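Shown next: run-v9.txt, containing compact mmCIF, C-alpha atoms and all ligand atoms.
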```txt
# COMPACT_ATOMS: atom_id res chain seq x y z
CA MET P 1 22.18 3.49 -20.88
CA SER P 2 25.80 3.50 -19.89
CA GLN P 3 25.19 4.32 -16.23
CA GLN P 4 25.80 1.58 -13.67
CA PRO P 5 22.70 0.50 -11.77
CA VAL P 6 22.39 2.51 -8.59
CA LEU P 7 21.92 0.59 -5.35
CA LEU P 8 18.97 1.67 -3.22
CA PRO P 9 20.39 0.96 0.26
CA TYR P 10 17.45 -0.61 2.05
CA ALA P 11 19.71 -1.87 4.86
CA ASP P 12 20.76 1.67 5.75
CA PRO P 13 18.49 3.12 8.47
CA GLU P 14 19.46 6.65 7.45
CA PHE P 15 18.22 6.01 3.90
CA LEU P 16 15.01 4.51 5.25
CA THR P 17 14.42 7.50 7.50
CA ASP P 18 14.68 9.87 4.55
CA PRO P 19 15.13 8.33 1.09
CA PHE P 20 14.14 11.55 -0.65
CA PRO P 21 17.58 13.19 -1.08
CA LEU P 22 18.76 10.16 -3.07
CA TYR P 23 15.46 10.06 -4.98
CA ARG P 24 15.85 13.72 -5.90
CA GLN P 25 19.36 13.07 -7.15
CA LEU P 26 18.19 10.15 -9.29
CA ARG P 27 15.36 12.17 -10.79
CA ASP P 28 17.70 15.07 -11.53
CA GLU P 29 20.21 12.76 -13.20
CA GLY P 30 17.75 11.33 -15.68
CA PRO P 31 14.18 10.25 -16.35
CA VAL P 32 14.94 6.52 -16.36
CA ARG P 33 17.53 4.94 -14.04
CA ARG P 34 18.64 1.34 -13.67
CA ALA P 35 18.61 0.46 -10.00
CA VAL P 36 19.06 -2.47 -7.68
CA ILE P 37 16.24 -2.63 -5.18
CA ALA P 38 15.37 -4.86 -2.22
CA GLY P 39 16.35 -8.48 -2.65
CA GLY P 40 19.05 -7.62 -5.22
CA LEU P 41 16.62 -7.25 -8.11
CA GLU P 42 17.61 -5.03 -11.01
CA VAL P 43 14.88 -2.72 -12.23
CA TRP P 44 14.36 0.37 -14.39
CA LEU P 45 13.09 3.29 -12.35
CA VAL P 46 10.82 5.83 -14.06
CA THR P 47 11.28 8.93 -11.91
CA ARG P 48 9.41 11.85 -13.49
CA TYR P 49 5.71 12.59 -13.12
CA GLU P 50 4.68 12.90 -16.79
CA ASP P 51 6.54 9.70 -17.75
CA ALA P 52 5.14 7.84 -14.73
CA LEU P 53 1.59 8.87 -15.59
CA ALA P 54 2.04 7.73 -19.20
CA ALA P 55 3.72 4.46 -18.15
CA LEU P 56 0.82 3.52 -15.87
CA SER P 57 -1.62 3.63 -18.78
CA ASP P 58 0.69 2.01 -21.34
CA PRO P 59 -0.58 -1.47 -22.32
CA ARG P 60 2.97 -2.51 -23.33
CA LEU P 61 3.79 -2.50 -19.64
CA SER P 62 2.22 -5.60 -18.16
CA SER P 63 1.19 -6.31 -14.57
CA ASP P 64 1.67 -10.04 -15.15
CA ILE P 65 4.96 -11.12 -13.62
CA ARG P 66 5.21 -13.95 -16.16
CA ASP P 67 6.14 -11.23 -18.68
CA ALA P 68 9.39 -10.56 -16.79
CA SER P 69 12.49 -12.17 -18.26
CA ASP P 70 14.46 -11.95 -15.01
CA SER P 71 13.61 -15.46 -13.91
CA ARG P 72 15.00 -14.69 -10.46
CA LEU P 73 11.78 -12.80 -9.87
CA MET P 74 9.73 -15.95 -10.28
CA GLN P 75 12.31 -18.15 -8.57
CA GLN P 76 12.29 -15.88 -5.55
CA LEU P 77 8.61 -16.47 -5.18
CA PRO P 78 7.70 -19.51 -3.13
CA ALA P 79 5.89 -22.28 -4.99
CA THR P 80 2.62 -21.61 -3.17
CA GLU P 81 2.66 -17.98 -4.23
CA ARG P 82 3.63 -18.84 -7.81
CA GLU P 83 0.84 -21.38 -8.07
CA SER P 84 -2.05 -19.46 -6.67
CA PHE P 85 -1.55 -16.07 -5.13
CA LEU P 86 -0.39 -14.45 -8.34
CA ARG P 87 -3.84 -14.98 -9.77
CA THR P 88 -5.18 -11.67 -8.54
CA MET P 89 -6.39 -8.61 -10.45
CA LEU P 90 -3.23 -6.80 -9.26
CA ARG P 91 -1.05 -9.19 -11.25
CA ALA P 92 -3.41 -9.66 -14.22
CA ASP P 93 -3.85 -7.88 -17.52
CA PRO P 94 -7.16 -7.59 -19.41
CA PRO P 95 -9.35 -9.52 -19.97
CA ASP P 96 -8.73 -11.42 -16.68
CA HIS P 97 -8.10 -8.15 -14.86
CA THR P 98 -11.42 -6.70 -16.05
CA ARG P 99 -13.36 -9.81 -15.03
CA LEU P 100 -11.78 -10.08 -11.57
CA ARG P 101 -12.06 -6.39 -10.73
CA ARG P 102 -15.69 -6.24 -11.82
CA LEU P 103 -16.58 -8.93 -9.29
CA VAL P 104 -15.81 -6.69 -6.33
CA SER P 105 -15.75 -3.12 -7.63
CA LYS P 106 -19.31 -2.31 -6.47
CA ALA P 107 -18.37 -2.97 -2.84
CA PHE P 108 -15.70 -0.26 -2.95
CA THR P 109 -17.44 2.66 -4.66
CA ALA P 110 -17.32 6.02 -2.88
CA ARG P 111 -21.05 5.75 -2.10
CA ARG P 112 -20.87 2.26 -0.57
CA VAL P 113 -17.75 3.17 1.38
CA ALA P 114 -19.37 6.36 2.76
CA GLU P 115 -21.98 4.11 4.43
CA LEU P 116 -19.16 2.56 6.46
CA ARG P 117 -18.24 5.85 8.14
CA PRO P 118 -20.22 5.29 11.38
CA ARG P 119 -18.68 1.83 11.79
CA VAL P 120 -15.13 3.12 11.09
CA GLN P 121 -15.75 5.88 13.65
CA ALA P 122 -16.98 3.35 16.23
CA ILE P 123 -13.91 1.10 15.79
CA THR P 124 -11.65 4.17 15.98
CA ASP P 125 -13.30 5.34 19.20
CA ARG P 126 -13.12 1.89 20.80
CA LEU P 127 -9.38 1.69 20.09
CA LEU P 128 -8.82 5.20 21.42
CA ASP P 129 -10.94 4.54 24.54
CA ALA P 130 -8.23 2.11 25.64
CA ILE P 131 -5.45 4.61 24.92
CA VAL P 132 -6.88 7.92 26.17
CA PRO P 133 -6.50 7.33 29.96
CA THR P 134 -2.86 6.20 29.70
CA GLY P 135 -1.16 9.34 28.35
CA ARG P 136 1.19 7.28 26.18
CA ALA P 137 0.90 4.77 23.32
CA ASP P 138 2.56 3.20 20.34
CA LEU P 139 0.17 4.59 17.76
CA VAL P 140 1.19 1.98 15.16
CA LYS P 141 0.69 -1.13 17.30
CA ASP P 142 -2.22 0.18 19.35
CA PHE P 143 -4.09 2.12 16.67
CA ALA P 144 -2.89 2.49 13.06
CA LEU P 145 -2.58 -1.30 12.59
CA PRO P 146 -5.69 -2.69 14.36
CA LEU P 147 -8.03 -0.09 12.80
CA PRO P 148 -7.72 -1.05 9.11
CA VAL P 149 -7.34 -4.75 9.96
CA THR P 150 -10.66 -4.67 11.83
CA VAL P 151 -12.43 -2.68 9.09
CA ILE P 152 -11.38 -4.94 6.21
CA SER P 153 -11.99 -8.10 8.26
CA GLU P 154 -15.56 -7.02 9.00
CA LEU P 155 -16.18 -6.07 5.38
CA LEU P 156 -14.94 -9.44 4.13
CA GLY P 157 -16.44 -11.47 6.97
CA VAL P 158 -13.11 -12.65 8.39
CA PRO P 159 -13.14 -13.29 12.18
CA THR P 160 -11.16 -10.45 13.75
CA ALA P 161 -9.85 -12.91 16.37
CA ASP P 162 -7.73 -14.49 13.59
CA ARG P 163 -5.89 -11.30 12.82
CA HIS P 164 -2.76 -12.05 14.82
CA ASP P 165 -2.19 -15.19 12.75
CA PHE P 166 -2.63 -13.64 9.34
CA GLN P 167 -0.69 -10.53 10.31
CA ARG P 168 2.28 -12.67 11.35
CA TRP P 169 2.25 -14.62 8.08
CA THR P 170 1.91 -11.43 6.05
CA ASP P 171 4.88 -9.91 7.89
CA ASP P 172 6.97 -12.98 7.02
CA MET P 173 5.89 -12.88 3.38
CA ILE P 174 6.47 -9.25 2.57
CA ARG P 175 9.52 -8.53 4.69
CA ARG P 176 11.87 -7.43 1.93
CA GLY P 177 15.16 -6.18 3.32
CA SER P 178 18.40 -5.64 1.46
CA GLU P 179 19.05 -9.38 1.55
CA PRO P 180 16.81 -11.86 -0.22
CA PRO P 181 14.33 -13.17 2.37
CA ASP P 182 14.78 -16.65 3.84
CA PRO P 183 12.81 -18.83 1.38
CA ALA P 184 11.89 -21.38 4.05
CA VAL P 185 10.28 -18.75 6.29
CA VAL P 186 8.45 -17.14 3.39
CA ASP P 187 7.24 -20.47 2.04
CA THR P 188 5.94 -21.61 5.43
CA ALA P 189 4.04 -18.33 5.79
CA TRP P 190 2.42 -18.72 2.36
CA ARG P 191 1.41 -22.30 3.16
CA HIS P 192 -0.18 -21.28 6.46
CA MET P 193 -1.99 -18.45 4.74
CA ARG P 194 -3.28 -20.69 1.99
CA SER P 195 -4.63 -23.34 4.32
CA TYR P 196 -6.14 -20.68 6.58
CA LEU P 197 -7.97 -19.06 3.65
CA THR P 198 -9.12 -22.40 2.25
CA GLU P 199 -10.60 -23.33 5.62
CA LEU P 200 -12.17 -19.90 6.02
CA LEU P 201 -13.85 -20.17 2.61
CA GLN P 202 -15.19 -23.61 3.54
CA THR P 203 -16.66 -22.23 6.75
CA LYS P 204 -18.36 -19.46 4.76
CA ARG P 205 -19.73 -22.00 2.29
CA ASP P 206 -21.31 -23.88 5.17
CA ARG P 207 -22.57 -20.75 6.93
CA PRO P 208 -22.82 -17.77 4.53
CA GLY P 209 -23.07 -14.28 6.02
CA ASN P 210 -23.94 -10.83 4.79
CA ASP P 211 -20.37 -10.12 3.71
CA LEU P 212 -18.17 -9.81 0.64
CA LEU P 213 -16.62 -13.28 0.86
CA SER P 214 -20.04 -14.93 0.95
CA ALA P 215 -20.99 -12.92 -2.17
CA LEU P 216 -17.78 -14.01 -3.89
CA ILE P 217 -18.53 -17.64 -3.08
CA VAL P 218 -21.87 -17.28 -4.88
CA ALA P 219 -20.02 -15.78 -7.89
CA ARG P 220 -17.74 -18.82 -7.81
CA ASP P 221 -20.11 -21.69 -7.04
CA GLU P 222 -23.34 -20.61 -8.71
CA GLU P 223 -22.14 -18.36 -11.50
CA GLN P 224 -18.65 -19.78 -12.29
CA ARG P 225 -17.24 -16.29 -12.73
CA LEU P 226 -13.89 -17.21 -11.17
CA ASP P 227 -12.05 -20.42 -10.34
CA GLU P 228 -11.09 -21.70 -6.90
CA ASP P 229 -7.48 -20.47 -7.02
CA GLU P 230 -8.70 -17.04 -8.10
CA LEU P 231 -11.15 -17.00 -5.20
CA VAL P 232 -8.39 -17.79 -2.67
CA ALA P 233 -6.10 -15.21 -4.30
CA MET P 234 -8.84 -12.54 -4.30
CA THR P 235 -9.52 -13.17 -0.61
CA PHE P 236 -5.83 -12.81 0.12
CA LEU P 237 -5.45 -9.64 -1.96
CA LEU P 238 -8.41 -7.85 -0.40
CA LEU P 239 -7.46 -8.85 3.13
CA VAL P 240 -3.81 -7.85 2.85
CA ALA P 241 -4.09 -4.85 0.48
CA GLY P 242 -6.90 -3.72 2.78
CA TYR P 243 -4.58 -3.00 5.65
CA ILE P 244 -0.82 -3.09 4.98
CA THR P 245 -0.92 0.21 3.15
CA THR P 246 -3.53 1.99 5.25
CA VAL P 247 -1.58 1.38 8.46
CA ASN P 248 1.25 3.30 6.83
CA LEU P 249 -1.01 6.15 5.71
CA ILE P 250 -2.27 6.59 9.27
CA GLY P 251 1.12 6.08 10.97
CA GLY P 252 3.00 8.10 8.35
CA GLY P 253 0.41 10.89 8.35
CA ILE P 254 0.56 11.32 12.12
CA THR P 255 4.37 11.27 11.97
CA ALA P 256 4.37 13.93 9.26
CA LEU P 257 2.18 16.18 11.42
CA LEU P 258 4.25 15.66 14.56
CA THR P 259 7.43 16.55 12.71
CA HIS P 260 5.83 19.63 11.08
CA PRO P 261 4.29 21.52 14.03
CA ASP P 262 3.08 24.42 11.86
CA GLN P 263 1.00 22.00 9.76
CA LEU P 264 -0.32 20.32 12.90
CA THR P 265 -1.45 23.69 14.25
CA SER P 266 -3.15 24.59 10.95
CA LEU P 267 -5.06 21.32 10.95
CA ARG P 268 -6.11 21.64 14.60
CA ASP P 269 -7.30 25.21 13.85
CA ASP P 270 -9.23 24.14 10.75
CA PRO P 271 -10.32 20.46 10.73
CA ALA P 272 -12.03 21.08 7.36
CA LEU P 273 -8.51 20.81 5.89
CA LEU P 274 -8.44 17.10 6.73
CA PRO P 275 -9.32 15.68 3.26
CA ASP P 276 -6.63 17.87 1.63
CA ALA P 277 -4.18 16.90 4.37
CA ILE P 278 -4.70 13.18 3.65
CA GLU P 279 -3.95 13.78 -0.06
CA GLU P 280 -0.80 15.66 0.93
CA PHE P 281 0.42 12.84 3.22
CA LEU P 282 -0.05 10.47 0.28
CA ARG P 283 1.90 12.72 -2.08
CA TYR P 284 4.62 13.76 0.33
CA ASP P 285 5.47 10.33 1.72
CA GLY P 286 2.96 7.73 0.57
CA PRO P 287 3.01 4.06 1.56
CA VAL P 288 3.96 2.64 -1.88
CA ASN P 289 7.65 3.41 -2.16
CA PRO P 290 9.52 3.69 -4.43
CA GLY P 291 6.67 2.66 -6.69
CA ILE P 292 4.62 0.28 -8.77
CA ALA P 293 6.04 -2.70 -10.70
CA ARG P 294 5.40 -3.42 -14.35
CA PHE P 295 7.01 -5.79 -16.89
CA THR P 296 7.78 -4.85 -20.50
CA ARG P 297 6.10 -7.02 -23.14
CA GLU P 298 8.33 -5.55 -25.86
CA ASP P 299 11.13 -2.98 -26.10
CA VAL P 300 9.62 0.23 -24.75
CA GLU P 301 11.05 3.71 -25.14
CA ILE P 302 10.47 6.09 -22.25
CA ALA P 303 11.86 9.64 -22.41
CA GLY P 304 14.41 8.57 -25.03
CA VAL P 305 15.60 5.49 -23.13
CA THR P 306 14.92 2.04 -24.58
CA ILE P 307 13.94 -0.46 -21.92
CA PRO P 308 14.35 -4.00 -23.25
CA ARG P 309 11.54 -6.54 -23.45
CA GLY P 310 11.07 -8.62 -20.30
CA ALA P 311 12.51 -5.99 -17.96
CA THR P 312 11.04 -5.04 -14.61
CA VAL P 313 10.05 -1.38 -14.52
CA VAL P 314 9.31 0.39 -11.28
CA VAL P 315 7.09 3.36 -11.98
CA ALA P 316 8.46 5.35 -9.07
CA SER P 317 5.33 7.11 -7.86
CA ALA P 318 7.06 8.22 -4.64
CA ILE P 319 9.81 9.94 -6.66
CA ALA P 320 7.44 11.34 -9.30
CA ASP P 321 5.18 12.77 -6.60
CA ARG P 322 7.99 15.18 -5.70
CA ASP P 323 8.76 16.19 -9.27
CA PRO P 324 9.19 19.99 -9.32
CA ALA P 325 7.94 20.02 -12.91
CA ARG P 326 4.52 18.98 -11.57
CA PHE P 327 4.35 20.13 -7.93
CA THR P 328 5.34 23.57 -6.65
CA ASP P 329 7.90 23.36 -3.85
CA PRO P 330 7.55 19.57 -3.84
CA ASP P 331 9.68 18.82 -0.76
CA ARG P 332 7.44 20.98 1.40
CA LEU P 333 4.57 19.36 3.31
CA ASP P 334 1.62 21.69 2.68
CA ILE P 335 -1.75 20.42 3.85
CA THR P 336 -3.53 23.22 1.98
CA ARG P 337 -2.02 22.14 -1.36
CA GLN P 338 -4.48 22.20 -4.28
CA ASP P 339 -4.22 20.47 -7.67
CA ASN P 340 -2.66 17.52 -5.88
CA ALA P 341 -3.08 14.70 -8.42
CA HIS P 342 -0.47 12.42 -6.81
CA LEU P 343 0.23 8.88 -7.96
CA ALA P 344 0.15 7.22 -4.54
CA PHE P 345 -2.92 5.18 -5.55
CA GLY P 346 -1.54 4.50 -9.03
CA HIS P 347 -3.28 5.47 -12.25
CA GLY P 348 -5.16 3.75 -15.09
CA ILE P 349 -6.95 0.40 -14.96
CA HIS P 350 -5.23 -0.76 -11.76
CA TYR P 351 -5.96 2.48 -9.86
CA CYS P 352 -6.36 1.47 -6.22
CA LEU P 353 -9.71 -0.20 -5.73
CA GLY P 354 -9.60 0.64 -2.03
CA ALA P 355 -8.80 4.37 -2.41
CA PRO P 356 -12.19 5.59 -1.08
CA LEU P 357 -11.89 3.25 1.91
CA ALA P 358 -8.29 4.26 2.63
CA ARG P 359 -9.24 7.94 2.44
CA LEU P 360 -12.19 7.43 4.78
CA GLU P 361 -10.07 5.50 7.30
CA GLY P 362 -7.27 8.08 7.11
CA GLN P 363 -9.66 10.96 7.69
CA VAL P 364 -11.54 9.36 10.57
CA ALA P 365 -8.36 8.03 12.21
CA ILE P 366 -6.26 11.17 12.05
CA GLY P 367 -9.17 13.56 12.73
CA THR P 368 -10.20 11.61 15.83
CA VAL P 369 -6.64 11.29 17.14
CA LEU P 370 -6.21 15.06 16.97
CA ARG P 371 -9.53 15.61 18.73
CA ARG P 372 -9.09 13.02 21.47
CA LEU P 373 -5.34 13.13 22.23
CA PRO P 374 -4.53 16.73 23.23
CA GLY P 375 -0.89 17.71 23.55
CA LEU P 376 0.16 14.87 21.23
CA THR P 377 3.97 14.69 20.85
CA LEU P 378 6.54 12.15 19.72
CA ALA P 379 8.08 10.35 22.70
CA VAL P 380 11.41 9.86 20.85
CA PRO P 381 13.42 12.14 18.55
CA PRO P 382 12.28 11.66 14.90
CA SER P 383 15.72 10.26 14.02
CA GLU P 384 15.04 7.32 16.36
CA LEU P 385 11.90 6.19 14.55
CA ARG P 386 12.47 2.98 12.59
CA TRP P 387 10.98 2.75 9.09
CA ARG P 388 9.92 -0.46 7.39
CA PRO P 389 12.59 -1.88 5.09
CA SER P 390 10.10 -3.18 2.52
CA GLY P 391 8.55 -1.51 -0.52
CA LEU P 392 5.66 -0.43 1.69
CA ARG P 393 6.88 2.56 3.60
CA GLY P 394 5.78 3.64 7.05
CA PRO P 395 7.01 3.91 10.62
CA GLU P 396 7.37 0.54 12.38
CA HIS P 397 6.39 2.10 15.67
CA LEU P 398 5.14 5.50 16.77
CA PRO P 399 5.71 6.17 20.48
CA VAL P 400 3.78 9.23 21.59
CA THR P 401 2.71 11.01 24.75
CA PHE P 402 -0.32 13.23 25.28
CA THR P 403 -2.44 14.72 28.06
CA PRO P 404 -4.62 11.91 29.44
C1 LIG P 501 -4.16 -1.29 -6.11
C2 LIG P 501 -2.06 1.88 -3.12
C3 LIG P 501 -5.39 0.92 0.28
C4 LIG P 501 -7.11 -2.65 -2.47
C5 LIG P 501 -3.35 -0.32 -5.60
C6 LIG P 501 -2.32 0.36 -6.35
C7 LIG P 501 -1.71 1.23 -5.51
C8 LIG P 501 -2.36 1.13 -4.23
C9 LIG P 501 -0.54 2.16 -5.84
C10 LIG P 501 -2.00 0.16 -7.85
C11 LIG P 501 -1.08 -1.01 -8.08
C12 LIG P 501 -0.74 -1.20 -9.53
O1 LIG P 501 -1.05 -0.36 -10.39
O2 LIG P 501 -0.11 -2.22 -9.83
C13 LIG P 501 -2.77 1.90 -1.95
C14 LIG P 501 -2.53 2.82 -0.85
C15 LIG P 501 -3.48 2.53 0.11
C16 LIG P 501 -4.30 1.45 -0.40
C17 LIG P 501 -1.42 3.86 -0.81
C18 LIG P 501 -3.69 3.17 1.45
C19 LIG P 501 -3.33 4.36 1.77
C20 LIG P 501 -6.18 -0.11 -0.18
C21 LIG P 501 -7.31 -0.64 0.52
C22 LIG P 501 -7.78 -1.66 -0.24
C23 LIG P 501 -6.96 -1.75 -1.44
C24 LIG P 501 -7.87 -0.14 1.86
C25 LIG P 501 -8.99 -2.46 0.15
C26 LIG P 501 -9.31 -3.61 -0.27
C27 LIG P 501 -6.44 -2.59 -3.67
C28 LIG P 501 -6.68 -3.53 -4.75
C29 LIG P 501 -5.82 -3.14 -5.80
C30 LIG P 501 -5.08 -1.97 -5.34
C31 LIG P 501 -7.67 -4.68 -4.76
C32 LIG P 501 -5.69 -3.78 -7.18
C33 LIG P 501 -6.48 -3.02 -8.18
C34 LIG P 501 -6.29 -3.52 -9.60
O3 LIG P 501 -5.31 -4.24 -9.87
O4 LIG P 501 -7.15 -3.22 -10.43
N1 LIG P 501 -3.38 0.19 -4.31
N2 LIG P 501 -3.84 1.10 -1.64
N3 LIG P 501 -5.99 -0.78 -1.37
N4 LIG P 501 -5.48 -1.68 -4.05
FE1 LIG P 501 -4.74 -0.23 -2.88
```
Represent the structure from my file as structure tokens, please.
Ligand code: HEM
Amino acid sequence: MSQQPVLLPYADPEFLTDPFPLYRQLRDEGPVRRAVIAGGLEVWLVTRYEDALAALSDPRLSSDIRDASDSRLMQQLPATERESFLRTMLRADPPDHTRLRRLVSKAFTARRVAELRPRVQAITDRLLDAIVPTGRADLVKDFALPLPVTVISELLGVPTADRHDFQRWTDDMIRRGSEPPDPAVVDTAWRHMRSYLTELLQTKRDRPGNDLLSALIVARDEEQRLDEDELVAMTFLLLVAGYITTVNLIGGGITALLTHPDQLTSLRDDPALLPDAIEEFLRYDGPVNPGIARFTREDVEIAGVTIPRGATVVVASAIADRDPARFTDPDRLDITRQDNAHLAFGHGIHYCLGAPLARLEGQVAIGTVLRRLPGLTLAVPPSELRWRPSGLRGPEHLPVTFTP
């Protein structure tokens, strides 16, 4: 490839507000583009749907970061993260991936998750009870964030009172702007998180509950199906993956509706469209952006381009999900869209374990907001919304007004 790597300008608020014109240009220019992403890392972007789909089920593309030759990737990671937190299913290949995923997959099946609906509805209503009389709210801080945090905490058996601590550490860890993050801040956050989780697991060992962490402790202590570092890493993955993306689905979905009044009206008129609407929010502007990282185990040819061994590939699901070769009129938000097999939850063996839960939370959250907050409108012009500068996209705040 003779092209220079293109810089994705994560420090530019205009780009963050709407990265899609640049994404479209990149996809039009070629199926595989070298790019510099957050933190100055050079990656190979796979931008077209068919290639992205194939890449996500290609065993030559590893999820294990140790397969990357760009040692800056590993060096950028704080020692605590390198030592333990990488030992999750998300960063593992088979057979470790298979073993780790199997330990928790039953808790996240569509059937088990459907049983959580009344509880998700109750948490949603409690949060909205506090908002309804006021006529105004920040729907990220007051709603889209606390809802998934509370749901995943209850499922795992994590005290919800601790959420402010672990949210702060997570923010410090994943804040990926255009500059490399301050290693001291990141490292301190990882250390706090690790000691918090270690203590939490000890408390559960002493006093087991009817929750997923207590079940995992049995798998560890009585059945030796995972080691202690893997147990800490699994706890971290489920806790954090359980909310940092879903907050963006809820916040981003509501934003998409408020900036597309015709779609909002259609959904209010026909709430049965809600499940399709959630899929469309995920396709149109999903939380994982620009996409999903993989590392080449050997030279890999994609669409005629040879990507060298040890390279970091970003399978750009957010770009591929607007590929006109796969989706009709892809830049149009259409909540009635059918045949919407987007890649926002990935594809293949790492397909999002929490997809049924995220869908349930999205449906309950957005459906209830529309029912209980009449006259909902943005309190600022859309251009004044700030979007997160990390690889997890969503509005940082969502000031709204409504009829109390
Ligand atoms: C994996 C997206 C919600 C847990 C993934 C992957 C994506 C994704 C794209 C694949 C990563 C890869 O292939 O490397 C999302 C989105 C969500 C969401 C967009 C919300 C809208 C959740 C929730 C949980 C969760 C609620 C609950 C625990 C996981 C786990 C994995 C994963 C454990 C790793 C699966 C594996 O490696 O086999 N997610 N996720 N996610 N997600 Fe989600």
**OP:** Using all atoms listed in the file, find each residue with an atom at most 8 Å away from ligand LIG 501 (chain P) and format the answer as an MDAnalysis selection string.
**Re:** chainID P and resid 56 63 88:92 97:98 101 108 148 152 234 237:250 282 286:288 291:294 317 343:359 362
Original post:
CA of Glu42 in chain P and CA of Gly391 in chain P are how many Å apart?
Top reply: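 Spanning CA of Glu42 in chain P to CA of Gly391 in chain P is a straight-line distance of 14.3 Å.
For the pair CA of Asn289 in chain P and CA of Ala316 in chain P, the interatomic distance is 7.2 Å.
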Subject >> Contact residues around Gly310 in chain P with all atoms listed in the file at 8 Å, ignoring same-chain residues under 2 positions, as a list in words >> reply: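 Listing them by chain and then by number gives Asp67, Ala68, Ser69, Asp70, Phe295, Thr296, Arg297, Glu298, Pro308 and Thr312 of chain P.
Restricting the calculation to all atoms listed in the file, the smallest distance between Ile319 in chain P and any of P:Glu301, P:Asp331, P:Glu14, P:Asp138 is found for P:Asp331.
Close contacts of range 262-275 of chain P, defined as residues with an atom at most 8 Å away when counting only C-alpha atoms, with chain neighbours fewer than 2 positions off set aside, comprise P:Leu257, P:Leu258, P:His260, P:Ala277, P:Ile278, P:Glu279, P:Leu333, P:Asp334, P:Ile335, P:Thr336, P:Arg359, P:Gln363, P:Gly367, P:Leu370.
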**OP:** Would you mind reading off the distance between CA of Ala311 in chain P and CA of Glu50 in chain P, one decimal, in Å?
**Re:**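 These two atoms are separated by 20.5 Å.
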**OP:** Please identify all polymer residues lying at most 12 Å from the point (-20.2, -3.3, 8.4) (file coordinates), using only C-alpha atoms, and present the result as a list of chain:residue names.
**Re:** P:Ala107, P:Arg112, P:Val113, P:Ala114, P:Glu115, P:Leu116, P:Arg117, P:Pro118, P:Arg119, P:Val120, P:Gln121, P:Ala122, P:Ile123, P:Thr150, P:Val151, P:Ile152, P:Ser153, P:Glu154, P:Leu155, P:Leu156, P:Gly157, P:Val158, P:Gly209, P:Asn210, P:Asp211, P:Leu212
